[in-house]
Structures are given as structure tokens and as C-alpha cells.
$ cat data33.txt   # compact mmCIF, C-alpha atoms
# COMPACT_ATOMS: atom_id res chain seq x y z
CA MET F 795 67.69 -31.25 131.38
CA ALA F 796 63.98 -31.99 130.98
CA SER F 797 63.39 -30.69 134.49
CA ILE F 798 64.90 -27.32 133.58
CA VAL F 799 62.76 -27.12 130.44
CA LEU F 800 59.65 -28.07 132.40
CA LYS F 801 60.28 -25.50 135.12
CA SER F 802 61.09 -22.79 132.58
CA LEU F 803 57.95 -23.48 130.57
CA SER F 804 55.84 -23.56 133.72
CA VAL F 805 57.14 -20.25 135.04
CA LEU F 806 57.08 -18.39 131.72
CA LEU F 807 53.65 -19.65 130.69
CA GLY F 808 52.32 -18.99 134.18
CA ILE F 809 53.55 -15.39 134.19
CA PHE F 810 52.15 -14.84 130.71
CA PHE F 811 48.69 -16.13 131.66
CA ILE F 812 48.68 -14.10 134.87
CA PHE F 813 49.38 -10.99 132.80
CA VAL F 814 46.83 -11.77 130.06
CA GLY F 815 44.16 -12.73 132.59
CA THR F 816 44.76 -9.55 134.53
CA THR F 817 44.28 -7.44 131.39
CA LYS F 818 40.89 -9.13 130.90
CA LEU F 819 39.86 -8.42 134.48
CA THR F 820 41.03 -4.87 135.07
CA PRO F 821 41.97 -1.78 133.02
CA LYS F 822 44.84 -0.95 135.41
CA VAL F 823 47.43 -2.68 133.21
CA SER F 824 46.34 -1.11 129.92
CA LYS F 825 43.11 0.82 129.39
CA GLU F 826 43.20 0.50 125.60
CA LEU F 827 43.81 -3.25 125.66
CA HIS F 828 41.08 -3.77 128.25
CA LYS F 829 38.64 -1.75 126.14
CA ASP F 830 39.55 -3.78 123.04
CA LEU F 831 39.08 -7.04 124.97
CA ARG F 832 35.66 -5.93 126.17
CA ARG F 833 34.62 -5.30 122.54
CA GLU F 834 36.05 -8.64 121.38
CA PHE F 835 34.36 -10.64 124.13
CA ALA F 836 31.02 -9.11 123.13
CA ARG F 837 31.58 -10.78 119.73
CA TYR F 838 32.88 -14.04 121.24
CA SER F 839 29.91 -14.47 123.56
CA LYS F 840 27.62 -14.65 120.51
CA VAL F 841 29.46 -17.69 119.12
CA PHE F 842 30.05 -19.50 122.41
CA PRO F 843 29.76 -23.28 121.83
CA LEU F 844 26.43 -24.79 122.88
CA SER F 845 24.82 -21.37 123.29
CA GLN F 846 22.70 -21.91 120.17
CA THR F 847 21.98 -25.54 121.00
CA LEU F 848 20.90 -24.78 124.56
CA GLU F 849 19.35 -21.46 123.58
CA PHE F 850 21.36 -19.74 126.27
CA LYS F 851 23.21 -16.46 125.85
CA ILE F 852 26.27 -15.85 127.98
CA PRO F 853 26.78 -12.23 129.06
CA SER F 854 30.05 -11.03 127.57
CA LYS F 855 31.07 -9.39 130.84
CA TRP F 856 30.90 -12.69 132.75
CA TYR F 857 32.47 -14.63 129.91
CA ARG F 858 35.45 -12.25 129.89
CA ARG F 859 35.74 -12.32 133.69
CA THR F 860 35.54 -16.10 133.83
CA VAL F 861 38.19 -16.53 131.16
CA GLY F 862 40.43 -13.90 132.79
CA GLY F 863 39.96 -15.38 136.27
CA LEU F 864 40.76 -18.90 135.05
CA GLU F 865 43.86 -17.62 133.26
CA VAL F 866 45.11 -15.86 136.39
CA LEU F 867 44.35 -18.89 138.58
CA CYS F 868 45.95 -21.41 136.22
CA GLY F 869 48.93 -19.11 135.62
CA PHE F 870 49.41 -18.80 139.37
CA CYS F 871 49.28 -22.60 139.72
CA LEU F 872 51.84 -23.10 136.93
CA THR F 873 54.19 -20.52 138.42
CA PHE F 874 53.98 -20.94 142.18
CA ILE F 875 52.30 -24.23 143.18
CA PRO F 876 54.84 -27.09 143.46
CA SER F 877 52.33 -29.96 143.08
CA LYS F 878 52.70 -31.77 139.75
CA ARG F 879 49.04 -32.79 139.67
CA ILE F 880 47.84 -29.24 140.18
CA LYS F 881 50.21 -28.04 137.45
CA GLN F 882 48.88 -30.72 135.10
CA ALA F 883 45.28 -29.76 135.85
CA ALA F 884 46.05 -26.07 135.27
CA ASN F 885 47.85 -26.93 132.05
CA LEU F 886 44.91 -29.00 130.78
CA ILE F 887 42.44 -26.23 131.63
CA LEU F 888 44.58 -23.74 129.71
CA VAL F 889 44.87 -26.12 126.72
CA VAL F 890 41.07 -26.38 126.56
CA MET F 891 40.78 -22.60 126.92
CA MET F 892 43.20 -22.08 124.02
CA MET F 893 41.11 -24.44 121.88
CA PHE F 894 38.03 -22.37 122.77
CA ALA F 895 39.92 -19.17 121.97
CA THR F 896 40.90 -20.55 118.56
CA TYR F 897 37.29 -21.59 117.97
CA ASN F 898 36.00 -18.15 118.98
CA HIS F 899 38.43 -16.34 116.70
CA TRP F 900 37.57 -18.66 113.81
CA MET F 901 33.80 -18.33 114.26
CA VAL F 902 33.79 -14.53 114.35
CA GLY F 903 35.92 -14.43 111.21
CA ASP F 904 39.13 -13.00 112.66
CA LYS F 905 42.22 -12.96 110.50
CA PHE F 906 45.08 -15.36 111.14
CA GLU F 907 47.00 -12.65 113.04
CA ARG F 908 44.30 -12.79 115.73
CA ILE F 909 44.15 -16.63 115.75
CA ALA F 910 47.93 -17.21 115.83
CA PRO F 911 48.62 -16.34 119.50
CA SER F 912 46.04 -18.82 120.78
CA LEU F 913 47.52 -21.50 118.50
CA VAL F 914 51.07 -20.74 119.62
CA PHE F 915 50.15 -20.95 123.29
CA PHE F 916 48.10 -24.09 122.64
CA PHE F 917 51.21 -25.74 121.20
CA MET F 918 53.45 -24.43 124.00
CA LEU F 919 51.08 -25.82 126.64
CA THR F 920 50.92 -29.12 124.75
CA CYS F 921 54.74 -29.23 124.65
CA ARG F 922 54.81 -28.67 128.40
CA LEU F 923 52.46 -31.62 128.87
CA ILE F 924 54.66 -33.80 126.64
CA VAL F 925 57.85 -32.83 128.49
CA GLU F 926 56.14 -33.55 131.82
CA TYR F 927 54.99 -36.95 130.55
CA GLN F 928 58.49 -37.81 129.30
CA THR F 929 60.05 -36.73 132.60
CA LYS F 930 57.56 -38.82 134.56
CA ARG F 931 58.15 -41.84 132.31
CA LYS F 932 61.96 -41.51 132.65
CA GLU F 933 61.70 -41.29 136.46
CA LYS F 934 59.52 -44.41 136.47
CA THR F 935 61.97 -46.29 134.23
CA ASP F 936 64.92 -45.23 136.39
CA LYS F 937 63.10 -46.34 139.53
CA GLN F 938 62.30 -49.72 137.98
CA ALA F 939 65.96 -50.15 137.01
CA VAL F 940 67.08 -49.34 140.57
CA ASP F 941 64.49 -51.72 142.03
CA LYS F 942 65.56 -54.45 139.60
CA ALA F 943 69.23 -53.93 140.48
CA ALA F 944 68.42 -54.04 144.21
CA ALA F 945 66.42 -57.24 143.70
CA GLY F 946 69.33 -58.72 141.75
CA LYS F 947 71.77 -57.85 144.54
CA ALA F 948 69.45 -59.40 147.12
CA ALA F 949 69.15 -62.55 145.00
CA ASN F 950 72.94 -62.69 144.61
CA ALA F 951 73.42 -62.22 148.33
CA SER F 952 70.95 -64.98 149.17
CA GLY F 953 72.48 -67.16 146.43
CA THR F 954 75.95 -66.55 147.88
CA ASN F 955 74.68 -67.45 151.35
CA ALA F 956 73.11 -70.62 149.96
CA GLU F 957 76.35 -71.49 148.19
CA ASN F 958 78.33 -70.87 151.39
CA ASN F 959 75.92 -73.07 153.35
CA ALA F 960 76.15 -75.80 150.69
CA ASN F 961 79.95 -75.61 150.73
CA ALA F 962 79.95 -75.80 154.52
CA ASN F 963 77.65 -78.84 154.42
CA ASN F 964 79.88 -80.49 151.81
CA ALA F 965 82.94 -79.78 153.95
CA ASN F 966 81.18 -81.29 156.99
CA ASN F 967 80.15 -84.34 154.97
CA VAL F 968 83.68 -84.78 153.68
CA SER F 969 85.15 -84.51 157.16
CA VAL F 970 82.56 -86.98 158.52
CA ASN F 971 83.32 -89.36 155.66
CA ASP F 972 87.05 -88.98 156.33
CA ALA F 973 86.49 -89.70 159.99
CA LYS F 974 84.47 -92.83 159.14
CA SER F 975 87.11 -94.07 156.72
CA LYS F 976 89.83 -93.64 159.36
CA GLU F 977 87.77 -95.68 161.82
CA ASP F 978 87.44 -98.49 159.32
$ encode --input "data33.txt" --output "C-alpha cells"
Amino acid sequence: MASIVLKSLSVLLGIFFIFVGTTKLTPKVSKELHKDLRREFARYSKVFPLSQTLEFKIPSKWYRRTVGGLEVLCGFCLTFIPSKRIKQAANLILVVMMMFATYNHWMVGDKFERIAPSLVFFFMLTCRLIVEYQTKRKEKTDKQAVDKAAAGKAANASGTNAENNANANNANNVSVNDAKSKED
């Protein structure tokens, strides 16, 4: 069951981030949305973390393209790449990006309606990480149980062989003792 949930979350989140990243990169999906995103990223680049500390201004165009490119790349990894480690890395990158998005919205004074989507997707990505962790832990526990059962069977088999050998030795000793008593 957890595997189905994990795969569903991976595919749906991946497709969503491919779509959202594409809208940040190109106006071909929606010209109005792309234009709005360009305006918003001009505001977000002013409140980028560490920009004031390092006295470095990030061009809004490159900030938007970097965020969009990372979203497309991570969405592609979540949807199409079968490696669990790559999916985890993509998921963690997206979690950090959603925290930055929440921070950006908060710092520019956006209303909760603008902050909510980044929070929702932050929690969905976090849930995906939790489900993946639980699945991994269950597989590890199941493997340990199988290994323990196999070790128990091997011990029983060697114990049975030892018992058979001991019984055979006792039978030989008894027959030797019987033979000696008949000679006497």
C-alpha cells in the first residue's frame, strides 16, 4: 500500500513541478501567468536570503530561470527516474525550494492566498519523504525477520544433525557395550 502512495505522490508532484517550472521558463504555456511570474520574481529577488548580508543582488531573470529549471529537473526526476536516491535528492531540493518560496512570499508581504500553495506543496513533499522512510524501514525490518528465520532454520538443521550424530554415537556405544557384556 505504501508503495502505491509513494509512486502516486512521486508522479503527481513531479508532473506538477514540471508544469510550474515550465511556466517560469517560457510563456508558451500561459503568457499571462508568465508575465505575472516575471513581475513577482522582480520582487522576490530583492528579499533573497543573504543578498543583504553579502551585499549581492540577484538578477530576477536568473533567479526565476534557476528556480524554474530546478523545478523542471526535480519534477522530471520524481516522475521518470527509478532511482530512490535520486528521487530523495530531488524531493529534498524541492522541500528547500518551497521553504524559500514561503520565505519570499512572507518577506514581500503577500497575503496568505499567495503563501498557501508553497506551504501545501511543502507538506506534500514532506509527506512523501515520510512515506519513503517508512517504506524503507519496513523493508529493512522484513529483511531482518527473513534473515533471522533463515538463521534459525540453519541452527535447527545443524542442531538436528548434531542430535542425529549424538544418537548414532550412543547407539554405537550401546551396541559395543552389549557386545562386551556378551563376551563376559
$ closest_residue --input "data33.txt" --among "F:Ala949, F:Lys829, F:Ser804, F:Pro821" --to "Pro876 in chain F" --atoms "all atoms listed in the file"
F:Ser804
$ residues_around --input "data33.txt" --residues "range 893-902 of chain F" --least-positions-apart "5" --cutoff "8 Å" --atoms "all atoms listed in the file" --output "mmCIF file with C-alpha atoms, keeping the file's coordinate frame"
data_model
loop_
_atom_site.group_PDB
_atom_site.id
_atom_site.type_symbol
_atom_site.label_atom_id
_atom_site.label_comp_id
_atom_site.auth_asym_id
_atom_site.auth_seq_id
_atom_site.Cartn_x
_atom_site.Cartn_y
_atom_site.Cartn_z
ATOM 1 C CA ARG F 837 31.580 -10.780 119.730
ATOM 2 C CA TYR F 838 32.880 -14.040 121.240
ATOM 3 C CA VAL F 841 29.460 -17.690 119.120
ATOM 4 C CA PHE F 842 30.050 -19.500 122.410
ATOM 5 C CA ARG F 908 44.300 -12.790 115.730
ATOM 6 C CA ILE F 909 44.150 -16.630 115.750
ATOM 7 C CA SER F 912 46.040 -18.820 120.780
ATOM 8 C CA LEU F 913 47.520 -21.500 118.500
ATOM 9 C CA PHE F 916 48.100 -24.090 122.640
#
$ residues_around --input "data33.txt" --residues "range 856-865 of chain F" --least-positions-apart "6" --cutoff "9 Å" --atoms "all atoms listed in the file" --output "tab-separated table (two decimals) with C-alpha atoms, keeping the file's coordinate frame"
chain	number	residue	atom	x	y	z
F	808	GLY	CA	52.32	-18.99	134.18
F	811	PHE	CA	48.69	-16.13	131.66
F	812	ILE	CA	48.68	-14.10	134.87
F	813	PHE	CA	49.38	-10.99	132.80
F	814	VAL	CA	46.83	-11.77	130.06
F	815	GLY	CA	44.16	-12.73	132.59
F	816	THR	CA	44.76	-9.55	134.53
F	817	THR	CA	44.28	-7.44	131.39
F	818	LYS	CA	40.89	-9.13	130.90
F	819	LEU	CA	39.86	-8.42	134.48
F	831	LEU	CA	39.08	-7.04	124.97
F	832	ARG	CA	35.66	-5.93	126.17
F	835	PHE	CA	34.36	-10.64	124.13
F	836	ALA	CA	31.02	-9.11	123.13
F	838	TYR	CA	32.88	-14.04	121.24
F	839	SER	CA	29.91	-14.47	123.56
F	884	ALA	CA	46.05	-26.07	135.27
F	887	ILE	CA	42.44	-26.23	131.63
F	888	LEU	CA	44.58	-23.74	129.71
F	891	MET	CA	40.78	-22.60	126.92
$ atom_distance --input "data33.txt" --atom1 "CA of Met892 in chain F" --atom2 "CA of Lys825 in chain F"
23.5 Å
$ atom_distance --input "data33.txt" --atom1 "CA of Phe874 in chain F" --atom2 "CA of Glu926 in chain F"
16.5 Å
$ atom_distance --input "data33.txt" --atom1 "CA of Leu806 in chain F" --atom2 "CA of Ala910 in chain F"
18.4 Å
$ decode --input "data33.txt" --residues "range 804-834 of chain F" --atoms "C-alpha atoms" --output "PDB file, in the first residue's frame"
ATOM      1  CA  SER F 804       6.083  10.977  -6.886  1.00  0.00           C
ATOM      2  CA  VAL F 805       4.308  11.060 -10.241  1.00  0.00           C
ATOM      3  CA  LEU F 806       1.739  13.711  -9.332  1.00  0.00           C
ATOM      4  CA  LEU F 807       4.217  16.012  -7.614  1.00  0.00           C
ATOM      5  CA  GLY F 808       6.698  15.510 -10.440  1.00  0.00           C
ATOM      6  CA  ILE F 809       4.152  16.435 -13.113  1.00  0.00           C
ATOM      7  CA  PHE F 810       3.056  19.459 -11.099  1.00  0.00           C
ATOM      8  CA  PHE F 811       6.616  20.759 -10.711  1.00  0.00           C
ATOM      9  CA  ILE F 812       7.374  20.156 -14.384  1.00  0.00           C
ATOM     10  CA  PHE F 813       4.334  22.264 -15.258  1.00  0.00           C
ATOM     11  CA  VAL F 814       5.070  25.053 -12.757  1.00  0.00           C
ATOM     12  CA  GLY F 815       8.750  25.170 -13.710  1.00  0.00           C
ATOM     13  CA  THR F 816       7.860  25.359 -17.369  1.00  0.00           C
ATOM     14  CA  THR F 817       5.570  28.341 -16.751  1.00  0.00           C
ATOM     15  CA  LYS F 818       8.510  30.120 -15.094  1.00  0.00           C
ATOM     16  CA  LEU F 819      10.794  29.389 -18.026  1.00  0.00           C
ATOM     17  CA  THR F 820       8.621  30.047 -21.053  1.00  0.00           C
ATOM     18  CA  PRO F 821       5.436  31.964 -21.942  1.00  0.00           C
ATOM     19  CA  LYS F 822       4.267  29.144 -24.252  1.00  0.00           C
ATOM     20  CA  VAL F 823       2.068  27.578 -21.555  1.00  0.00           C
ATOM     21  CA  SER F 824       0.384  30.802 -20.428  1.00  0.00           C
ATOM     22  CA  LYS F 825       1.501  34.300 -21.396  1.00  0.00           C
ATOM     23  CA  GLU F 826      -0.414  35.995 -18.578  1.00  0.00           C
ATOM     24  CA  LEU F 827       0.932  33.662 -15.896  1.00  0.00           C
ATOM     25  CA  HIS F 828       4.477  34.013 -17.202  1.00  0.00           C
ATOM     26  CA  LYS F 829       4.163  37.803 -17.179  1.00  0.00           C
ATOM     27  CA  ASP F 830       2.827  37.719 -13.608  1.00  0.00           C
ATOM     28  CA  LEU F 831       5.693  35.441 -12.528  1.00  0.00           C
ATOM     29  CA  ARG F 832       8.245  37.797 -14.055  1.00  0.00           C
ATOM     30  CA  ARG F 833       6.773  40.675 -12.013  1.00  0.00           C
ATOM     31  CA  GLU F 834       6.707  38.593  -8.827  1.00  0.00           C
TER      32      GLU F 834
END
